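Visitor: This is the content of query_20.pdb (PDB, C-alpha atoms):
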```pdb
MODEL        1
ATOM      1  CA  GLU U   1       0.000   0.000   0.000
ATOM      2  CA  PRO U   2       1.479   3.378  -0.998
ATOM      3  CA  GLU U   3       2.365   5.677   1.843
ATOM      4  CA  VAL U   4       3.734   9.119   2.595
ATOM      5  CA  THR U   5       7.330   9.058   3.819
ATOM      6  CA  GLN U   6       9.215  11.721   5.767
ATOM      7  CA  THR U   7      12.844  12.303   6.666
ATOM      8  CA  PRO U   8      14.446  12.700   9.084
ATOM      9  CA  SER U   9      12.368  11.109  11.810
ATOM     10  CA  HIS U  10      14.008  13.333  14.419
ATOM     11  CA  GLN U  11      15.938  16.568  13.955
ATOM     12  CA  VAL U  12      17.683  18.456  16.719
ATOM     13  CA  THR U  13      18.829  21.975  15.917
ATOM     14  CA  GLN U  14      19.973  25.106  17.675
ATOM     15  CA  MET U  15      17.874  28.238  17.795
ATOM     16  CA  GLY U  16      18.499  30.442  14.782
ATOM     17  CA  GLN U  17      19.560  27.579  12.506
ATOM     18  CA  GLU U  18      17.817  26.632   9.278
ATOM     19  CA  VAL U  19      16.152  23.240   8.930
ATOM     20  CA  ILE U  20      14.660  21.456   5.950
ATOM     21  CA  LEU U  21      12.096  18.735   6.508
ATOM     22  CA  ARG U  22      11.496  16.349   3.636
ATOM     23  CA  CYS U  23       8.452  14.444   2.475
ATOM     24  CA  VAL U  24       7.680  12.107  -0.404
ATOM     25  CA  PRO U  25       3.918  12.169  -0.985
ATOM     26  CA  ILE U  26       1.947   9.301  -2.510
ATOM     27  CA  SER U  27       2.817   9.291  -6.200
ATOM     28  CA  ASN U  28      -0.544   9.997  -7.861
ATOM     29  CA  HIS U  29      -1.603  12.617  -5.310
ATOM     30  CA  LEU U  30      -1.916  16.239  -6.361
ATOM     31  CA  TYR U  31      -2.441  18.157  -3.117
ATOM     32  CA  PHE U  32       0.202  18.394  -0.437
ATOM     33  CA  TYR U  33       0.118  19.720   3.104
ATOM     34  CA  TRP U  34       2.194  20.416   6.151
ATOM     35  CA  TYR U  35       0.725  20.256   9.639
ATOM     36  CA  ARG U  36       2.362  20.513  13.007
ATOM     37  CA  GLN U  37       1.521  19.215  16.465
ATOM     38  CA  ILE U  38       3.095  20.700  19.552
ATOM     39  CA  LEU U  39       3.383  18.081  22.304
ATOM     40  CA  GLY U  40       0.056  17.653  24.077
ATOM     41  CA  GLN U  41      -1.820  19.898  21.662
ATOM     42  CA  LYS U  42      -3.980  19.389  18.598
ATOM     43  CA  VAL U  43      -2.808  19.003  15.025
ATOM     44  CA  GLU U  44      -2.642  22.412  13.295
ATOM     45  CA  PHE U  45      -2.652  23.241   9.605
ATOM     46  CA  LEU U  46       0.385  25.102   8.267
ATOM     47  CA  VAL U  47       0.168  25.208   4.481
ATOM     48  CA  SER U  48      -1.368  23.579   1.436
ATOM     49  CA  PHE U  49       0.300  23.264  -1.959
ATOM     50  CA  TYR U  50      -1.190  22.513  -5.350
ATOM     51  CA  ASN U  51       0.032  22.935  -8.904
ATOM     52  CA  ASN U  52       3.430  24.141  -7.707
ATOM     53  CA  GLU U  53       2.145  26.969  -5.591
ATOM     54  CA  ILE U  54       0.791  27.628  -2.125
ATOM     55  CA  SER U  55      -3.006  27.483  -2.127
ATOM     56  CA  GLU U  56      -3.526  28.397   1.515
ATOM     57  CA  LYS U  57      -1.428  29.112   4.585
ATOM     58  CA  SER U  58      -2.176  29.652   8.239
ATOM     59  CA  GLU U  59      -1.030  32.563  10.386
ATOM     60  CA  ILE U  60       1.611  30.232  11.852
ATOM     61  CA  PHE U  61       3.219  30.026   8.396
ATOM     62  CA  ASP U  62       5.068  33.339   8.517
ATOM     63  CA  ASP U  63       8.058  34.575   6.505
ATOM     64  CA  GLN U  64      10.354  32.123   8.283
ATOM     65  CA  PHE U  65       8.611  29.214   6.585
ATOM     66  CA  SER U  66       8.713  28.157   2.956
ATOM     67  CA  VAL U  67       7.715  25.103   0.943
ATOM     68  CA  GLU U  68       9.020  23.686  -2.283
ATOM     69  CA  ARG U  69       8.511  20.754  -4.594
ATOM     70  CA  PRO U  70      11.970  20.735  -6.127
ATOM     71  CA  ASP U  71      11.881  17.637  -8.303
ATOM     72  CA  GLY U  72       8.343  16.344  -8.807
ATOM     73  CA  SER U  73       8.519  13.817  -5.990
ATOM     74  CA  ASN U  74       9.908  15.513  -2.890
ATOM     75  CA  PHE U  75       7.997  18.152  -0.949
ATOM     76  CA  THR U  76       9.998  20.179   1.548
ATOM     77  CA  LEU U  77       9.313  22.523   4.439
ATOM     78  CA  LYS U  78      12.088  24.980   5.298
ATOM     79  CA  ILE U  79      12.282  26.967   8.506
ATOM     80  CA  ARG U  80      14.849  29.711   7.993
ATOM     81  CA  SER U  81      15.680  30.692  11.561
ATOM     82  CA  THR U  82      14.253  28.278  14.089
ATOM     83  CA  LYS U  83      12.804  29.398  17.392
ATOM     84  CA  LEU U  84      12.252  27.394  20.565
ATOM     85  CA  GLU U  85       8.512  27.438  19.917
ATOM     86  CA  ASP U  86       9.025  25.674  16.572
ATOM     87  CA  SER U  87       9.685  22.460  18.523
ATOM     88  CA  ALA U  88       6.907  20.103  17.441
ATOM     89  CA  MET U  89       6.015  17.096  15.299
ATOM     90  CA  TYR U  90       5.708  18.112  11.659
ATOM     91  CA  PHE U  91       3.450  15.961   9.516
ATOM     92  CA  CYS U  92       3.273  15.939   5.748
ATOM     93  CA  ALA U  93       0.019  14.817   4.111
ATOM     94  CA  SER U  94      -1.220  14.288   0.579
ATOM     95  CA  GLU U  95      -4.497  13.616  -1.211
ATOM     96  CA  THR U  96      -5.739  12.913  -4.722
ATOM     97  CA  GLY U  97      -8.115  15.878  -4.832
ATOM     98  CA  ALA U  98      -9.276  18.706  -2.589
ATOM     99  CA  GLY U  99     -11.799  17.583  -0.006
ATOM    100  CA  TYR U 100     -10.863  13.940  -0.336
ATOM    101  CA  GLU U 101      -9.080  11.899   2.272
ATOM    102  CA  GLN U 102      -5.665  13.061   3.376
ATOM    103  CA  TYR U 103      -2.962  10.539   4.246
ATOM    104  CA  PHE U 104      -0.251  11.481   6.696
ATOM    105  CA  GLY U 105       3.414  10.632   6.862
ATOM    106  CA  PRO U 106       5.018   9.389  10.094
ATOM    107  CA  GLY U 107       6.222  12.860  10.996
ATOM    108  CA  THR U 108       9.492  14.579  11.825
ATOM    109  CA  ARG U 109      10.048  15.456  15.440
ATOM    110  CA  LEU U 110      11.844  18.820  15.507
ATOM    111  CA  THR U 111      13.597  19.812  18.703
ATOM    112  CA  VAL U 112      14.996  23.346  18.886
ATOM    113  CA  THR U 113      17.466  23.946  21.719
TER     114      THR U 113
ATOM    115  CA  ARG G   1     -16.198  28.749  20.477
ATOM    116  CA  LYS G   2     -13.721  26.121  19.244
ATOM    117  CA  GLU G   3     -14.021  25.123  15.588
ATOM    118  CA  VAL G   4     -14.128  21.430  16.460
ATOM    119  CA  GLU G   5     -14.946  20.369  19.987
ATOM    120  CA  GLN G   6     -14.478  16.954  21.561
ATOM    121  CA  ASP G   7     -14.597  15.543  25.073
ATOM    122  CA  PRO G   8     -10.900  14.904  25.864
ATOM    123  CA  GLY G   9     -11.668  11.816  27.956
ATOM    124  CA  PRO G  10     -10.032   9.534  28.827
ATOM    125  CA  PHE G  11     -12.648   6.886  28.297
ATOM    126  CA  ASN G  12     -11.621   3.732  30.142
ATOM    127  CA  VAL G  13     -13.639   0.723  28.997
ATOM    128  CA  PRO G  14     -13.314  -3.060  29.314
ATOM    129  CA  GLU G  15     -12.723  -5.267  26.300
ATOM    130  CA  GLY G  16     -15.988  -6.024  24.535
ATOM    131  CA  ALA G  17     -17.667  -2.780  25.570
ATOM    132  CA  THR G  18     -19.392  -0.371  23.233
ATOM    133  CA  VAL G  19     -18.110   3.195  23.385
ATOM    134  CA  ALA G  20     -19.365   6.357  21.691
ATOM    135  CA  PHE G  21     -17.506   9.566  20.935
ATOM    136  CA  ASN G  22     -19.165  12.851  20.104
ATOM    137  CA  CYS G  23     -17.940  15.922  18.340
ATOM    138  CA  THR G  24     -19.448  19.292  17.452
ATOM    139  CA  TYR G  25     -18.251  21.768  14.858
ATOM    140  CA  SER G  26     -18.947  25.480  14.712
ATOM    141  CA  ASN G  27     -18.907  26.285  10.997
ATOM    142  CA  SER G  28     -22.061  25.301   9.150
ATOM    143  CA  ALA G  29     -20.165  25.639   5.843
ATOM    144  CA  SER G  30     -18.089  22.569   6.699
ATOM    145  CA  GLN G  31     -18.277  20.040   3.914
ATOM    146  CA  SER G  32     -16.261  16.918   4.694
ATOM    147  CA  PHE G  33     -15.966  15.051   7.954
ATOM    148  CA  PHE G  34     -13.587  12.374   9.132
ATOM    149  CA  TRP G  35     -12.495  10.339  12.091
ATOM    150  CA  TYR G  36      -8.776   9.730  12.456
ATOM    151  CA  ARG G  37      -7.027   7.730  15.154
ATOM    152  CA  GLN G  38      -3.684   8.697  16.575
ATOM    153  CA  ASP G  39      -1.429   6.472  18.625
ATOM    154  CA  CYS G  40       1.014   8.096  21.034
ATOM    155  CA  ARG G  41       3.649  10.120  19.154
ATOM    156  CA  LYS G  42       2.494   8.748  15.788
ATOM    157  CA  GLU G  43       0.772  10.258  12.790
ATOM    158  CA  PRO G  44      -3.007  10.583  12.471
ATOM    159  CA  LYS G  45      -4.380   7.608  10.551
ATOM    160  CA  LEU G  46      -7.653   7.866   8.668
ATOM    161  CA  LEU G  47     -10.289   5.687  10.284
ATOM    162  CA  MET G  48     -13.278   6.642   8.192
ATOM    163  CA  SER G  49     -15.034   9.424   6.363
ATOM    164  CA  VAL G  50     -18.432  10.444   7.708
ATOM    165  CA  TYR G  51     -21.483  10.884   5.499
ATOM    166  CA  SER G  52     -24.943  12.296   6.183
ATOM    167  CA  SER G  53     -26.450   8.872   5.587
ATOM    168  CA  GLY G  54     -24.160   7.359   8.190
ATOM    169  CA  ASN G  55     -21.594   4.715   7.437
ATOM    170  CA  GLU G  56     -20.287   1.548   8.976
ATOM    171  CA  ASP G  57     -16.977  -0.247   8.697
ATOM    172  CA  GLY G  58     -16.905  -3.451  10.702
ATOM    173  CA  ARG G  59     -17.160  -2.552  14.378
ATOM    174  CA  PHE G  60     -17.104   1.191  13.656
ATOM    175  CA  THR G  61     -20.138   3.327  12.849
ATOM    176  CA  ALA G  62     -20.034   7.051  12.119
ATOM    177  CA  GLN G  63     -22.962   9.439  11.972
ATOM    178  CA  LEU G  64     -23.304  13.051  10.877
ATOM    179  CA  ASN G  65     -26.109  15.427  11.812
ATOM    180  CA  ARG G  66     -25.675  18.607   9.762
ATOM    181  CA  ALA G  67     -28.615  20.385  11.385
ATOM    182  CA  SER G  68     -27.068  19.973  14.841
ATOM    183  CA  GLN G  69     -23.471  20.212  13.552
ATOM    184  CA  TYR G  70     -22.717  16.996  15.374
ATOM    185  CA  ILE G  71     -20.601  13.963  14.464
ATOM    186  CA  SER G  72     -20.396  10.681  16.317
ATOM    187  CA  LEU G  73     -18.310   7.521  16.286
ATOM    188  CA  LEU G  74     -19.461   4.250  17.810
ATOM    189  CA  ILE G  75     -17.055   1.391  18.465
ATOM    190  CA  ARG G  76     -18.607  -1.974  19.222
ATOM    191  CA  ASP G  77     -16.872  -4.937  20.858
ATOM    192  CA  SER G  78     -13.816  -2.872  21.875
ATOM    193  CA  LYS G  79     -10.407  -4.502  21.518
ATOM    194  CA  LEU G  80      -7.208  -3.704  23.390
ATOM    195  CA  SER G  81      -5.799  -2.512  20.054
ATOM    196  CA  ASP G  82      -8.497   0.179  19.843
ATOM    197  CA  SER G  83      -6.680   2.097  22.601
ATOM    198  CA  ALA G  84      -5.689   5.401  20.982
ATOM    199  CA  THR G  85      -6.782   9.011  20.637
ATOM    200  CA  TYR G  86      -9.702   9.527  18.261
ATOM    201  CA  LEU G  87      -9.623  12.772  16.308
ATOM    202  CA  CYS G  88     -12.702  14.443  14.889
ATOM    203  CA  VAL G  89     -11.701  16.305  11.724
ATOM    204  CA  VAL G  90     -13.600  18.744   9.561
ATOM    205  CA  ASN G  91     -12.882  20.265   6.168
ATOM    206  CA  LYS G  92     -14.512  23.545   5.098
ATOM    207  CA  ASP G  93     -14.684  24.977   1.633
ATOM    208  CA  THR G  94     -10.909  24.956   1.411
ATOM    209  CA  ASP G  95      -8.722  21.907   1.530
ATOM    210  CA  LYS G  96      -7.208  22.288   4.985
ATOM    211  CA  LEU G  97      -8.257  19.924   7.759
ATOM    212  CA  ILE G  98      -9.377  21.301  11.115
ATOM    213  CA  PHE G  99      -8.702  18.938  13.973
ATOM    214  CA  GLY G 100     -10.340  18.546  17.334
ATOM    215  CA  THR G 101      -8.124  17.977  20.346
ATOM    216  CA  GLY G 102      -9.062  14.283  20.349
ATOM    217  CA  THR G 103     -10.690  11.861  22.762
ATOM    218  CA  ARG G 104      -8.428   9.347  24.425
ATOM    219  CA  LEU G 105      -9.673   5.760  24.675
ATOM    220  CA  GLN G 106      -8.105   3.152  26.923
ATOM    221  CA  VAL G 107      -9.439  -0.392  26.608
ATOM    222  CA  PHE G 108      -8.490  -2.668  29.510
ATOM    223  CA  PRO G 109      -8.575  -6.483  29.748
TER     224      PRO G 109
ENDMDL
END
```
Could I get this structure in the form of structure tokens?

Guide:
Amino acid sequence: EPEVTQTPSHQVTQMGQEVILRCVPISNHLYFYWYRQILGQKVEFLVSFYNNEISEKSEIFDDQFSVERPDGSNFTLKIRSTKLEDSAMYFCASETGAGYEQYFGPGTRLTVT
Amino acid sequence: RKEVEQDPGPFNVPEGATVAFNCTYSNSASQSFFWYRQDCRKEPKLLMSVYSSGNEDGRFTAQLNRASQYISLLIRDSKLSDSATYLCVVNKDTDKLIFGTGTRLQVFP
């Protein structure tokens, strides 16, 4: 069964450093998403991406964040200058069409020290 | 008012019990509804979509009441492996998912 994959599974970084989180969505899916979940809190939407551009972003997704689909298979989330409050699980998700079922990757646990 | 509201639990039930989870959503423009389950420190996994006519998948039954903006999930004959957090999820007229905080279920022998 096809699945969303994410790397790395755990990333530790120092405050102010840049991190890139990587995702490989399911191959025939067209819509891609990043969500985050701070420990003990609910899953929150960050950004959606379709047709090589951002279709929607939340207020969390400020200028420090960017997304890219560099090669037709990978989907990346970059945080330019990490803050302590960026520590969270980051989940990538994909779906065949808007409003259909989204499938999540196993997540990257980001720890900012 | 929260966009998606759930009782956080925990619900502690014996194996074989029937357990019901409820969820309310605030935006009447919501269009798609789902239940996901999440194990500790893992990703949300889609359990089932929820339709106005109601739908059943084995021991799991989901119901949607658009007039009351209410979604439910019923689990029959609970198994130890059903222990997890159950997330009520709503999708409006955009493609982003809005998650509830989840209801924790613990099934004991």

Visitor: When the PyMOL selection byres ((chain U and resi 16-22) around 6) is applied to the file above, which residues end up in the set, as a PyMOL selection string?

Guide: chain U and resi 6-7+14-15+23+76-82

Visitor: To one decimal in Å, tell me the separation between atom CA of Leu39 of chain U and atom CA of Ser72 of chain G.

Guide: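 It comes out at 25.6 Å.
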
Visitor: At a cut-off of 7 Å, using only C-alpha atoms, what residues contact segment 81-96 of chain G? Leave out same-chain residues fewer than 2 positions from it and give the result as a list in words.

Guide: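 Listing them by chain and then by number gives Phe45, Ser48, Ala98 and Gly99 of chain U; Cys23, Ala29, Ser30, Gln31, Ser32, Phe33, Phe34, Trp35, Tyr36, Arg37, Gln38, Asp39, Ser78, Lys79, Ile98, Phe99, Gly100, Thr101, Gly102, Thr103, Arg104, Leu105, Gln106 and Val107 of chain G.
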
Visitor: Keeping C-alpha atoms for every residue in the selection just given, could you write it to a file as a short mmCIF file (atom, residue, chain, number, x, y, z; two decimals), in the frame of the given file?

Guide:
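again-v2.cif, written as the output of this step:
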```
data_model
loop_
_atom_site.label_atom_id
_atom_site.label_comp_id
_atom_site.auth_asym_id
_atom_site.auth_seq_id
_atom_site.Cartn_x
_atom_site.Cartn_y
_atom_site.Cartn_z
CA PHE U 45 -2.65 23.24 9.60
CA SER U 48 -1.37 23.58 1.44
CA ALA U 98 -9.28 18.71 -2.59
CA GLY U 99 -11.80 17.58 -0.01
CA CYS G 23 -17.94 15.92 18.34
CA ALA G 29 -20.16 25.64 5.84
CA SER G 30 -18.09 22.57 6.70
CA GLN G 31 -18.28 20.04 3.91
CA SER G 32 -16.26 16.92 4.69
CA PHE G 33 -15.97 15.05 7.95
CA PHE G 34 -13.59 12.37 9.13
CA TRP G 35 -12.50 10.34 12.09
CA TYR G 36 -8.78 9.73 12.46
CA ARG G 37 -7.03 7.73 15.15
CA GLN G 38 -3.68 8.70 16.58
CA ASP G 39 -1.43 6.47 18.62
CA SER G 78 -13.82 -2.87 21.88
CA LYS G 79 -10.41 -4.50 21.52
CA ILE G 98 -9.38 21.30 11.12
CA PHE G 99 -8.70 18.94 13.97
CA GLY G 100 -10.34 18.55 17.33
CA THR G 101 -8.12 17.98 20.35
CA GLY G 102 -9.06 14.28 20.35
CA THR G 103 -10.69 11.86 22.76
CA ARG G 104 -8.43 9.35 24.42
CA LEU G 105 -9.67 5.76 24.68
CA GLN G 106 -8.10 3.15 26.92
CA VAL G 107 -9.44 -0.39 26.61
#
```

Visitor: Got a sec: who's within 12 Å of Phe91 of chain U, counting all atoms listed in the file, leaving out chain neighbours fewer than 3 positions off, as a VMD selection string?

Guide: (chain U and resid 4 to 10 21 to 25 32 to 38 43 to 47 75 to 77 88 94 102 to 110) or (chain G and resid 41 to 45)

Visitor: Would you please work out which residue, of U:Val12, U:Lys42, U:Arg69, U:Glu3, is nearest to chain G when using only C-alpha atoms?

Guide: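 Ranked by minimum distance to chain G, first place goes to U:Lys42.
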
Visitor: Mind giving me the straight-line distance from atom CA of Asp77 of chain G to atom CA of Glu101 of chain U in Å, one decimal?

Guide: 26.3 Å

Visitor: When you draw a straight line from atom CA of Asp86 of chain U to atom CA of Glu68 of chain U, how long is it in Å?

Guide: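 Going from atom CA of Asp86 of chain U over to atom CA of Glu68 of chain U covers 19.0 Å.
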
Visitor: Using all atoms listed in the file, which residue out of G:Leu47, G:Leu97, G:Glu15, G:Asn65 lies closest to chain U?

Guide: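 For chain U, the nearest of the candidates is G:Leu97.
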
Visitor: Using all atoms listed in the file, find the one residue out of G:Lys2, G:Tyr51, G:Glu56, G:Leu46 that sits nearest to chain U.

Guide: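 Smallest separation from chain U among the options: G:Leu46.
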
Visitor: Which one is closest to chain G: U:Thr96, U:Gln11, U:Ser66, U:Asn28? Count all atoms listed in the file.

Guide: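 The shortest atom-to-atom distance to chain G comes from U:Thr96.
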
Visitor: Emit as lines of an AutoDock Vina configuration file the padded axis-aligned box for all listed atoms of segment 13-27 of chain U, 4 Å per side, with centre and edge lengths in Å to one decimal.

Guide:
```
center_x = 11.0
center_y = 19.9
center_z = 5.8
size_x = 26.0
size_y = 29.2
size_z = 32.0
```

Visitor: Find, counting all atoms listed in the file, the residue in U:Glu53, U:Asp71, U:Glu1, U:Glu95 that gets nearest to chain G.

Guide: U:Glu95

Visitor: Specify as a ChimeraX atom specification each residue included when the PyMOL selection byres ((chain G and resi 76) around 9) is applied to this file.

Guide: /G:16-20,58-61,74-75,77-79

Visitor: Store the residues picked out above, limited to C-alpha atoms, as a PDB file, in the coordinates of the input.

Guide:
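Heads up, here's the output in part06.pdb:
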```pdb
ATOM      1  CA  GLY G  16     -15.988  -6.024  24.535  1.00  0.00           C
ATOM      2  CA  ALA G  17     -17.667  -2.780  25.570  1.00  0.00           C
ATOM      3  CA  THR G  18     -19.392  -0.371  23.233  1.00  0.00           C
ATOM      4  CA  VAL G  19     -18.110   3.195  23.385  1.00  0.00           C
ATOM      5  CA  ALA G  20     -19.365   6.357  21.691  1.00  0.00           C
ATOM      6  CA  GLY G  58     -16.905  -3.451  10.702  1.00  0.00           C
ATOM      7  CA  ARG G  59     -17.160  -2.552  14.378  1.00  0.00           C
ATOM      8  CA  PHE G  60     -17.104   1.191  13.656  1.00  0.00           C
ATOM      9  CA  THR G  61     -20.138   3.327  12.849  1.00  0.00           C
ATOM     10  CA  LEU G  74     -19.461   4.250  17.810  1.00  0.00           C
ATOM     11  CA  ILE G  75     -17.055   1.391  18.465  1.00  0.00           C
ATOM     12  CA  ASP G  77     -16.872  -4.937  20.858  1.00  0.00           C
ATOM     13  CA  SER G  78     -13.816  -2.872  21.875  1.00  0.00           C
ATOM     14  CA  LYS G  79     -10.407  -4.502  21.518  1.00  0.00           C
TER      15      LYS G  79
END
```

Visitor: Just so the selection is clear, what residues does the PyMOL selection byres ((chain G and resi 68-70) around 9) cover here, as a ChimeraX atom specification?

Guide: /G:22-28,63-67,71-72

Visitor: In terms of the shortest atom-to-atom distance over only C-alpha atoms, which of G:Leu80, G:Asp57, G:Pro10, G:Cys40 is closest to chain U?

Guide: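 The shortest atom-to-atom distance to chain U comes from G:Cys40.
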